[in-house]
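Written below as structure tokens is the structure these notes are about.
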Amino acid sequence: MPVVKMRPKGQITIPASIVEVAHLTENAQFDVEYLNGVILLKPINADMKKDDVLSYAGIFAGAWGETPDEVETTLRELHNEWER
């Protein structure tokens, strides 16, 4: 976990690795909360790339086969392995 240091005016720098993964842009704004000893920064900048369910579309492509027939065969085999 990255460690940051607060500067005299209460400023901190978010590590580049987090900026990249969170898709933050310059002038991003945050909601700030203090909950049970944890400071939570929640981005509210509209320019951020938002992860949604569609960003995962196709993640398992080919996992059960490349063609509909292969997928059907694989699923049938898996189904037959289930305990009854």
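Identifiers for the structure tokens are assigned positionally: chains receive A, B, ... in sequence, residues are indexed from 1 per chain, and ligands are indexed from 1 in the order shown.
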Review point. Looking only at the backbone, which of the residues in chain A does DSSP tag as strand (DSSP E or B), as number ranges by chain?
Key: A: 30-35, 38-43
Check your understanding: At what distance in Å, to one decimal, does atom CA of A:Trp82 lie from atom CA of A:Ala61?
Key -> 23.2 Å
Point to revise | Selected residue, from A:Ile18, A:Glu77, A:Val71, A:Asn27, that lies nearest to A:Val3 when counting only C-alpha atoms | key: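 The closest residue to A:Val3 is A:Ile18.
Atom CA of A:Asn36 to atom CA of A:Ser17 spans 25.7 Å [interatomic distance, one decimal].
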Exercise for review: From a DSSP calculation on the backbone, collect every residue of chain A in alpha helix (DSSP H) and output the set as a ChimeraX atom specification.
Suggested key: /A:16-21,68-81
